[in-house]
$ cat work_1.cif   # mmCIF, C-alpha atoms
data_entry
loop_
_atom_site.label_atom_id
_atom_site.label_comp_id
_atom_site.auth_asym_id
_atom_site.auth_seq_id
_atom_site.Cartn_x
_atom_site.Cartn_y
_atom_site.Cartn_z
CA PHE A 1397 -8.20 -23.27 97.10
CA PHE A 1398 -11.88 -22.83 96.23
CA VAL A 1399 -11.21 -22.39 92.47
CA ARG A 1400 -8.86 -25.33 92.38
CA ASN A 1401 -11.49 -27.64 93.71
CA PHE A 1402 -13.93 -26.46 91.04
CA VAL A 1403 -11.56 -26.93 88.10
CA PRO A 1404 -11.20 -30.54 87.05
CA LYS A 1405 -7.70 -32.04 87.12
CA SER A 1406 -7.72 -32.75 83.34
CA SER A 1407 -7.80 -29.00 82.54
CA ASP A 1408 -4.51 -28.46 84.39
CA ASN A 1409 -2.85 -30.37 81.57
CA GLY A 1410 -4.59 -28.17 78.97
CA LEU A 1411 -3.57 -24.97 80.78
CA GLU A 1412 0.04 -26.16 80.94
CA LYS A 1413 0.04 -26.85 77.17
CA ALA A 1414 -1.45 -23.41 76.46
CA ARG A 1415 1.17 -21.77 78.71
CA LYS A 1416 3.97 -23.58 76.86
CA ILE A 1417 2.57 -22.59 73.46
CA ILE A 1418 2.28 -18.96 74.54
CA MET A 1419 5.84 -19.05 75.88
CA ILE A 1420 7.16 -20.51 72.60
CA VAL A 1421 5.30 -17.84 70.58
CA CYS A 1422 6.73 -15.10 72.83
CA VAL A 1423 10.29 -16.43 72.53
CA LEU A 1424 9.99 -16.74 68.73
CA THR A 1425 8.57 -13.21 68.51
CA PHE A 1426 11.47 -11.91 70.58
CA ILE A 1427 14.04 -13.70 68.41
CA ILE A 1428 12.48 -12.44 65.17
CA ALA A 1429 12.33 -8.88 66.52
CA ALA A 1430 15.96 -9.08 67.68
CA VAL A 1431 17.13 -10.33 64.27
CA TYR A 1432 15.14 -7.61 62.50
CA MET A 1433 16.56 -4.89 64.78
CA PHE A 1434 20.11 -6.21 64.39
CA SER A 1435 19.69 -6.16 60.63
CA ASP A 1436 18.11 -2.71 60.63
CA PHE A 1437 20.50 -1.00 63.05
CA VAL A 1438 23.78 -2.85 62.45
CA VAL A 1439 23.90 -4.80 59.19
CA GLN A 1440 22.13 -2.38 56.83
CA PRO A 1441 24.16 0.69 57.93
CA LEU A 1442 27.40 -1.26 57.42
CA ILE A 1443 26.31 -2.47 53.98
CA THR A 1444 25.23 1.05 53.01
CA ALA A 1445 28.51 2.60 54.18
CA ASN A 1446 30.46 -0.04 52.25
CA ARG A 1447 28.46 0.54 49.05
CA LEU A 1448 28.86 4.32 49.31
CA GLU A 1449 32.62 3.94 49.78
CA LYS A 1450 32.78 1.78 46.65
CA LEU A 1451 30.78 4.36 44.69
CA GLU A 1452 33.03 7.16 45.90
CA SER A 1453 36.10 5.18 44.86
CA MET A 1454 34.64 4.98 41.34
CA VAL A 1455 34.77 8.77 40.97
CA GLY A 1456 37.79 9.74 38.95
CA ASN A 1457 39.94 12.86 39.18
CA GLY A 1458 39.77 16.24 37.49
CA ASP A 1459 36.98 18.45 36.30
CA LYS A 1460 37.51 17.98 32.60
CA VAL A 1461 34.51 17.47 30.35
CA ALA A 1462 34.86 14.07 28.74
CA ASP A 1463 34.98 13.51 25.02
CA VAL A 1464 31.92 11.42 24.20
CA LYS A 1465 33.91 9.50 21.56
CA ASP A 1466 36.53 8.46 24.13
CA LEU A 1467 33.82 7.34 26.52
CA ALA A 1468 32.13 5.32 23.76
CA GLU A 1469 35.32 3.32 23.32
CA GLU A 1470 35.55 2.50 27.02
CA PHE A 1471 31.79 1.98 27.55
CA PRO A 1472 30.35 0.93 24.17
CA ASP A 1473 26.84 0.14 25.46
CA VAL A 1474 26.29 3.49 27.22
CA GLU A 1475 25.08 6.72 25.67
CA PHE A 1476 26.61 9.58 27.65
CA PRO A 1477 25.12 13.08 27.77
CA ASP A 1478 27.08 15.97 26.28
CA GLY A 1479 29.12 17.96 28.78
CA MET A 1480 29.59 15.11 31.22
CA LEU A 1481 32.62 15.26 33.47
CA GLY A 1482 34.87 12.30 32.74
CA LYS A 1483 35.38 11.48 36.41
CA TYR A 1484 31.73 10.36 36.66
CA ALA A 1485 31.72 8.17 33.54
CA GLU A 1486 32.11 4.88 35.40
CA LEU A 1487 29.26 5.77 37.76
CA TYR A 1488 27.04 6.86 34.88
CA ALA A 1489 27.77 3.58 33.10
CA LYS A 1490 26.62 1.77 36.25
CA ASN A 1491 23.41 3.84 36.60
CA SER A 1492 22.32 6.30 33.92
CA ASP A 1493 20.01 8.02 36.43
CA LEU A 1494 23.15 9.69 37.86
CA ALA A 1495 22.52 13.44 37.99
CA GLY A 1496 25.60 14.52 39.93
CA TRP A 1497 27.44 14.27 43.20
CA ILE A 1498 26.94 16.24 46.40
CA ASN A 1499 29.99 16.81 48.56
CA ILE A 1500 29.96 18.87 51.77
CA GLU A 1501 33.24 18.05 53.49
CA ALA A 1502 32.40 19.91 56.71
CA LEU A 1503 29.36 17.68 57.21
CA ASP A 1504 30.96 14.45 55.96
CA ILE A 1505 28.44 14.27 53.12
CA SER A 1506 29.71 12.77 49.89
CA LEU A 1507 26.95 11.05 47.95
CA PRO A 1508 25.82 10.37 44.40
CA VAL A 1509 22.69 12.21 43.31
CA VAL A 1510 20.23 10.48 41.01
CA GLN A 1511 17.04 11.48 39.23
CA GLY A 1512 14.27 8.99 38.61
CA GLU A 1513 11.16 9.24 36.49
CA ASP A 1514 9.23 10.09 39.66
CA ASN A 1515 10.05 11.13 43.22
CA LYS A 1516 9.23 7.71 44.67
CA LYS A 1517 11.74 5.52 42.85
CA TYR A 1518 14.83 6.34 44.93
CA LEU A 1519 13.02 6.92 48.20
CA LYS A 1520 13.78 3.32 49.27
CA LEU A 1521 16.30 2.27 46.59
CA ASP A 1522 20.04 2.77 46.70
CA PHE A 1523 22.19 3.79 43.73
CA ASP A 1524 22.38 0.18 42.55
CA GLY A 1525 18.59 -0.28 42.70
CA ASN A 1526 18.64 -2.40 45.86
CA ARG A 1527 15.97 -1.92 48.52
CA ASN A 1528 17.43 0.12 51.34
CA LYS A 1529 15.93 2.22 54.14
CA TYR A 1530 18.48 4.97 53.41
CA GLY A 1531 17.30 5.35 49.84
CA SER A 1532 19.35 7.74 47.70
CA VAL A 1533 19.79 11.45 47.42
CA PHE A 1534 17.74 12.40 44.39
CA VAL A 1535 16.79 15.45 42.36
CA ASN A 1536 13.13 16.35 42.02
CA SER A 1537 11.87 14.55 38.92
CA GLU A 1538 10.44 17.83 37.60
CA ASN A 1539 13.83 19.60 37.61
CA ASP A 1540 15.76 19.82 34.37
CA ILE A 1541 19.29 18.73 35.30
CA LYS A 1542 20.72 19.95 31.99
CA ASN A 1543 19.50 23.50 32.63
CA LEU A 1544 19.46 23.90 36.40
CA ASN A 1545 17.44 26.80 37.73
CA TYR A 1546 17.49 28.50 41.13
CA ASN A 1547 15.04 26.01 42.58
CA THR A 1548 16.73 22.66 42.17
CA VAL A 1549 15.41 20.43 44.94
CA LEU A 1550 17.38 17.51 46.40
CA PHE A 1551 15.67 14.91 48.54
CA GLY A 1552 17.39 12.65 51.03
CA HIS A 1553 16.63 11.02 54.33
CA HIS A 1554 17.67 12.54 57.64
CA MET A 1555 19.05 9.46 59.34
CA LEU A 1556 19.70 9.40 63.07
CA ASP A 1557 23.07 7.70 62.53
CA SER A 1558 24.19 10.88 60.67
CA LYS A 1559 24.14 9.14 57.30
CA MET A 1560 22.65 10.81 54.23
CA PHE A 1561 21.50 14.29 55.40
CA GLY A 1562 21.61 13.48 59.11
CA ASN A 1563 24.47 15.92 59.75
CA LEU A 1564 22.58 18.91 58.34
CA THR A 1565 21.20 19.53 61.82
CA LEU A 1566 24.73 20.53 62.87
CA TYR A 1567 24.03 23.88 61.21
CA LYS A 1568 21.51 24.61 63.97
CA ASP A 1569 24.48 25.33 66.19
CA ALA A 1570 25.85 28.83 65.45
CA GLU A 1571 29.37 27.79 66.55
CA TYR A 1572 29.42 24.92 64.05
CA TYR A 1573 28.14 27.12 61.25
#

$ encode --input "work_1.cif" --output "structure tokens"
Amino acid sequence: FFVRNFVPKSSDNGLEKARKIIMIVCVLTFIIAAVYMFSDFVVQPLITANRLEKLESMVGNGDKVADVKDLAEEFPDVEFPDGMLGKYAELYAKNSDLAGWINIEALDISLPVVQGEDNKKYLKLDFDGNRNKYGSVFVNSENDIKNLNYNTVLFGHHMLDSKMFGNLTLYKDAEYY
């Protein structure tokens, strides 16, 4: 009562406008955060899973080393490395940074492995070069993929939704192992 009598009536209108502006800002912030979270936790995982399925479907059959001449006929603009397995030719034609494929059936891991000029390139890029929080599984840029040694390092994110290397933690359980 005492404060109300001290505050002029014209400021009530100003306080009401400020309250409405703050409310609008809060609602907009909530909506933007909700859209971002929906994209981050629902849309991007679905897109990533779809892209990985498409890449996996591009892998051919057999473990036969491809004849570079045959590959040159099918993919004239691509220079394939010697000793390449033919089943990966289509993937290599799509991205020449392809270094291999990692497949651990027990952990539901089946992913292309790439190698960039540095260890930052594929940290937030998928196989197709699109920005993606999952990134790609990649070989240390200092490793020689033609002459692998005992210390070949693969990098990949440990995602909570069990994508990428998220399932590796299953090996903590002795029964699973």

$ residues_around --input "work_1.cif" --residues "Lys1460 of chain A" --least-positions-apart "5" --cutoff "8 Å" --atoms "all atoms listed in the file" --output "PyMOL selection string"
chain A and resi 1481-1483

$ closest_residue --input "work_1.cif" --among "A:Ser1532, A:Asn1446, A:Asn1526, A:Ser1537" --to "His1554 of chain A" --atoms "all atoms listed in the file"
A:Ser1532

$ residues_around --input "work_1.cif" --residues "Arg1527 of chain A" --least-positions-apart "3" --cutoff "12 Å" --atoms "all atoms listed in the file" --output "NGL selection string"
:A and (1440 or 1443-1444 or 1517-1524 or 1530-1532)

$ atom_distance --input "work_1.cif" --atom1 "atom CA of Lys1542 of chain A" --atom2 "atom CA of Gly1512 of chain A"
14.3 Å

$ closest_atom_pairs --input "work_1.cif" --of "segment 1400-1480 of chain A" --to "segment 1491-1500 of chain A" --cutoff "10 Å" --atoms "only C-alpha atoms" --output "Markdown table"
| residue | atom | partner | partner_atom | distance |
| --- | --- | --- | --- | --- |
| A:Glu1452 | CA | A:Trp1497 | CA | 9.4 |
| A:Val1455 | CA | A:Trp1497 | CA | 9.4 |
| A:Val1474 | CA | A:Ser1492 | CA | 8.3 |
| A:Glu1475 | CA | A:Ser1492 | CA | 8.7 |
| A:Phe1476 | CA | A:Ser1492 | CA | 8.3 |
| A:Pro1477 | CA | A:Ser1492 | CA | 9.6 |
| A:Met1480 | CA | A:Gly1496 | CA | 9.6 |

$ decode --input "work_1.cif" --residues "segment 1455-1471 of chain A" --atoms "all heavy atoms" --output "mmCIF file, in the first residue's frame"
data_model
loop_
_atom_site.group_PDB
_atom_site.id
_atom_site.type_symbol
_atom_site.label_atom_id
_atom_site.label_comp_id
_atom_site.auth_asym_id
_atom_site.auth_seq_id
_atom_site.Cartn_x
_atom_site.Cartn_y
_atom_site.Cartn_z
ATOM 1 N N VAL A 1455 28.806 -50.517 -49.875
ATOM 2 C CA VAL A 1455 29.906 -51.488 -49.783
ATOM 3 C C VAL A 1455 29.504 -52.734 -50.545
ATOM 4 O O VAL A 1455 28.446 -53.309 -50.315
ATOM 5 C CB VAL A 1455 30.228 -51.832 -48.307
ATOM 6 C CG1 VAL A 1455 31.299 -52.915 -48.232
ATOM 7 C CG2 VAL A 1455 30.659 -50.594 -47.552
ATOM 8 N N GLY A 1456 30.369 -53.137 -51.448
ATOM 9 C CA GLY A 1456 30.088 -54.313 -52.253
ATOM 10 C C GLY A 1456 30.384 -55.601 -51.500
ATOM 11 O O GLY A 1456 30.548 -55.612 -50.279
ATOM 12 N N ASN A 1457 30.502 -56.688 -52.240
ATOM 13 C CA ASN A 1457 30.759 -58.005 -51.650
ATOM 14 C C ASN A 1457 32.157 -58.486 -52.017
ATOM 15 O O ASN A 1457 32.739 -58.049 -53.007
ATOM 16 C CB ASN A 1457 29.730 -59.027 -52.147
ATOM 17 C CG ASN A 1457 28.343 -58.698 -51.676
ATOM 18 O OD1 ASN A 1457 28.163 -58.235 -50.560
ATOM 19 N ND2 ASN A 1457 27.357 -58.923 -52.527
ATOM 20 N N GLY A 1458 32.643 -59.424 -51.241
ATOM 21 C CA GLY A 1458 33.917 -60.072 -51.545
ATOM 22 C C GLY A 1458 35.110 -59.302 -51.018
ATOM 23 O O GLY A 1458 35.029 -58.114 -50.724
ATOM 24 N N ASP A 1459 36.204 -60.030 -50.921
ATOM 25 C CA ASP A 1459 37.447 -59.425 -50.444
ATOM 26 C C ASP A 1459 38.527 -59.492 -51.512
ATOM 27 O O ASP A 1459 39.705 -59.694 -51.227
ATOM 28 C CB ASP A 1459 37.926 -60.137 -49.158
ATOM 29 C CG ASP A 1459 37.039 -59.827 -47.974
ATOM 30 O OD1 ASP A 1459 36.461 -58.723 -47.949
ATOM 31 O OD2 ASP A 1459 36.909 -60.684 -47.089
ATOM 32 N N LYS A 1460 38.118 -59.312 -52.735
ATOM 33 C CA LYS A 1460 39.040 -59.387 -53.865
ATOM 34 C C LYS A 1460 39.641 -58.009 -54.133
ATOM 35 O O LYS A 1460 38.926 -56.997 -54.162
ATOM 36 C CB LYS A 1460 38.277 -59.878 -55.093
ATOM 37 C CG LYS A 1460 39.113 -60.083 -56.309
ATOM 38 C CD LYS A 1460 38.260 -60.601 -57.455
ATOM 39 C CE LYS A 1460 39.051 -60.569 -58.735
ATOM 40 N NZ LYS A 1460 38.211 -60.834 -59.890
ATOM 41 N N VAL A 1461 40.947 -57.982 -54.322
ATOM 42 C CA VAL A 1461 41.619 -56.737 -54.675
ATOM 43 C C VAL A 1461 41.186 -56.371 -56.090
ATOM 44 O O VAL A 1461 41.195 -57.203 -56.995
ATOM 45 C CB VAL A 1461 43.162 -56.885 -54.594
ATOM 46 C CG1 VAL A 1461 43.850 -55.649 -55.113
ATOM 47 C CG2 VAL A 1461 43.577 -57.170 -53.166
ATOM 48 N N ALA A 1462 40.793 -55.132 -56.246
ATOM 49 C CA ALA A 1462 40.266 -54.673 -57.534
ATOM 50 C C ALA A 1462 41.396 -54.400 -58.512
ATOM 51 O O ALA A 1462 42.491 -53.974 -58.126
ATOM 52 C CB ALA A 1462 39.446 -53.419 -57.332
ATOM 53 N N ASP A 1463 41.104 -54.635 -59.772
ATOM 54 C CA ASP A 1463 42.025 -54.271 -60.839
ATOM 55 C C ASP A 1463 41.832 -52.785 -61.113
ATOM 56 O O ASP A 1463 40.719 -52.345 -61.421
ATOM 57 C CB ASP A 1463 41.724 -55.102 -62.085
ATOM 58 C CG ASP A 1463 42.676 -54.806 -63.238
ATOM 59 O OD1 ASP A 1463 43.711 -54.138 -62.999
ATOM 60 O OD2 ASP A 1463 42.380 -55.233 -64.369
ATOM 61 N N VAL A 1464 42.900 -52.024 -60.978
ATOM 62 C CA VAL A 1464 42.820 -50.567 -61.124
ATOM 63 C C VAL A 1464 42.289 -50.185 -62.507
ATOM 64 O O VAL A 1464 41.560 -49.210 -62.652
ATOM 65 C CB VAL A 1464 44.198 -49.917 -60.851
ATOM 66 C CG1 VAL A 1464 44.153 -48.421 -61.057
ATOM 67 C CG2 VAL A 1464 44.665 -50.240 -59.441
ATOM 68 N N LYS A 1465 42.603 -50.976 -63.523
ATOM 69 C CA LYS A 1465 42.124 -50.685 -64.884
ATOM 70 C C LYS A 1465 40.603 -50.816 -64.968
ATOM 71 O O LYS A 1465 39.941 -50.007 -65.610
ATOM 72 C CB LYS A 1465 42.798 -51.613 -65.894
ATOM 73 C CG LYS A 1465 44.274 -51.356 -66.049
ATOM 74 C CD LYS A 1465 44.904 -52.356 -66.979
ATOM 75 C CE LYS A 1465 46.409 -52.166 -66.988
ATOM 76 N NZ LYS A 1465 47.083 -53.228 -67.742
ATOM 77 N N ASP A 1466 40.061 -51.853 -64.307
ATOM 78 C CA ASP A 1466 38.604 -52.033 -64.300
ATOM 79 C C ASP A 1466 37.919 -50.882 -63.577
ATOM 80 O O ASP A 1466 36.871 -50.389 -63.998
ATOM 81 C CB ASP A 1466 38.217 -53.354 -63.633
ATOM 82 C CG ASP A 1466 38.646 -54.558 -64.452
ATOM 83 O OD1 ASP A 1466 38.895 -54.395 -65.665
ATOM 84 O OD2 ASP A 1466 38.732 -55.655 -63.864
ATOM 85 N N LEU A 1467 38.521 -50.456 -62.473
ATOM 86 C CA LEU A 1467 37.946 -49.338 -61.717
ATOM 87 C C LEU A 1467 37.999 -48.045 -62.524
ATOM 88 O O LEU A 1467 37.089 -47.222 -62.446
ATOM 89 C CB LEU A 1467 38.689 -49.154 -60.388
ATOM 90 C CG LEU A 1467 38.528 -50.263 -59.365
ATOM 91 C CD1 LEU A 1467 39.393 -49.975 -58.150
ATOM 92 C CD2 LEU A 1467 37.075 -50.411 -58.958
ATOM 93 N N ALA A 1468 39.058 -47.864 -63.299
ATOM 94 C CA ALA A 1468 39.197 -46.651 -64.112
ATOM 95 C C ALA A 1468 38.095 -46.549 -65.161
ATOM 96 O O ALA A 1468 37.663 -45.450 -65.507
ATOM 97 C CB ALA A 1468 40.578 -46.618 -64.772
ATOM 98 N N GLU A 1469 37.629 -47.687 -65.644
ATOM 99 C CA GLU A 1469 36.538 -47.667 -66.611
ATOM 100 C C GLU A 1469 35.222 -47.233 -65.956
ATOM 101 O O GLU A 1469 34.459 -46.470 -66.531
ATOM 102 C CB GLU A 1469 36.359 -49.058 -67.233
ATOM 103 C CG GLU A 1469 37.473 -49.454 -68.158
ATOM 104 C CD GLU A 1469 37.317 -50.876 -68.686
ATOM 105 O OE1 GLU A 1469 36.199 -51.433 -68.590
ATOM 106 O OE2 GLU A 1469 38.315 -51.415 -69.189
ATOM 107 N N GLU A 1470 34.993 -47.737 -64.734
ATOM 108 C CA GLU A 1470 33.747 -47.424 -64.039
ATOM 109 C C GLU A 1470 33.763 -46.026 -63.426
ATOM 110 O O GLU A 1470 32.750 -45.331 -63.395
ATOM 111 C CB GLU A 1470 33.489 -48.457 -62.933
ATOM 112 C CG GLU A 1470 32.104 -48.361 -62.349
ATOM 113 C CD GLU A 1470 31.819 -49.491 -61.374
ATOM 114 O OE1 GLU A 1470 32.583 -50.463 -61.302
ATOM 115 O OE2 GLU A 1470 30.799 -49.382 -60.675
ATOM 116 N N PHE A 1471 34.931 -45.610 -62.936
ATOM 117 C CA PHE A 1471 35.096 -44.293 -62.292
ATOM 118 C C PHE A 1471 36.276 -43.575 -62.950
ATOM 119 O O PHE A 1471 37.384 -43.543 -62.404
ATOM 120 C CB PHE A 1471 35.363 -44.458 -60.789
ATOM 121 C CG PHE A 1471 34.334 -45.257 -60.056
ATOM 122 C CD1 PHE A 1471 34.545 -46.601 -59.764
ATOM 123 C CD2 PHE A 1471 33.141 -44.671 -59.651
ATOM 124 C CE1 PHE A 1471 33.598 -47.340 -59.072
ATOM 125 C CE2 PHE A 1471 32.186 -45.404 -58.962
ATOM 126 C CZ PHE A 1471 32.420 -46.747 -58.676
#
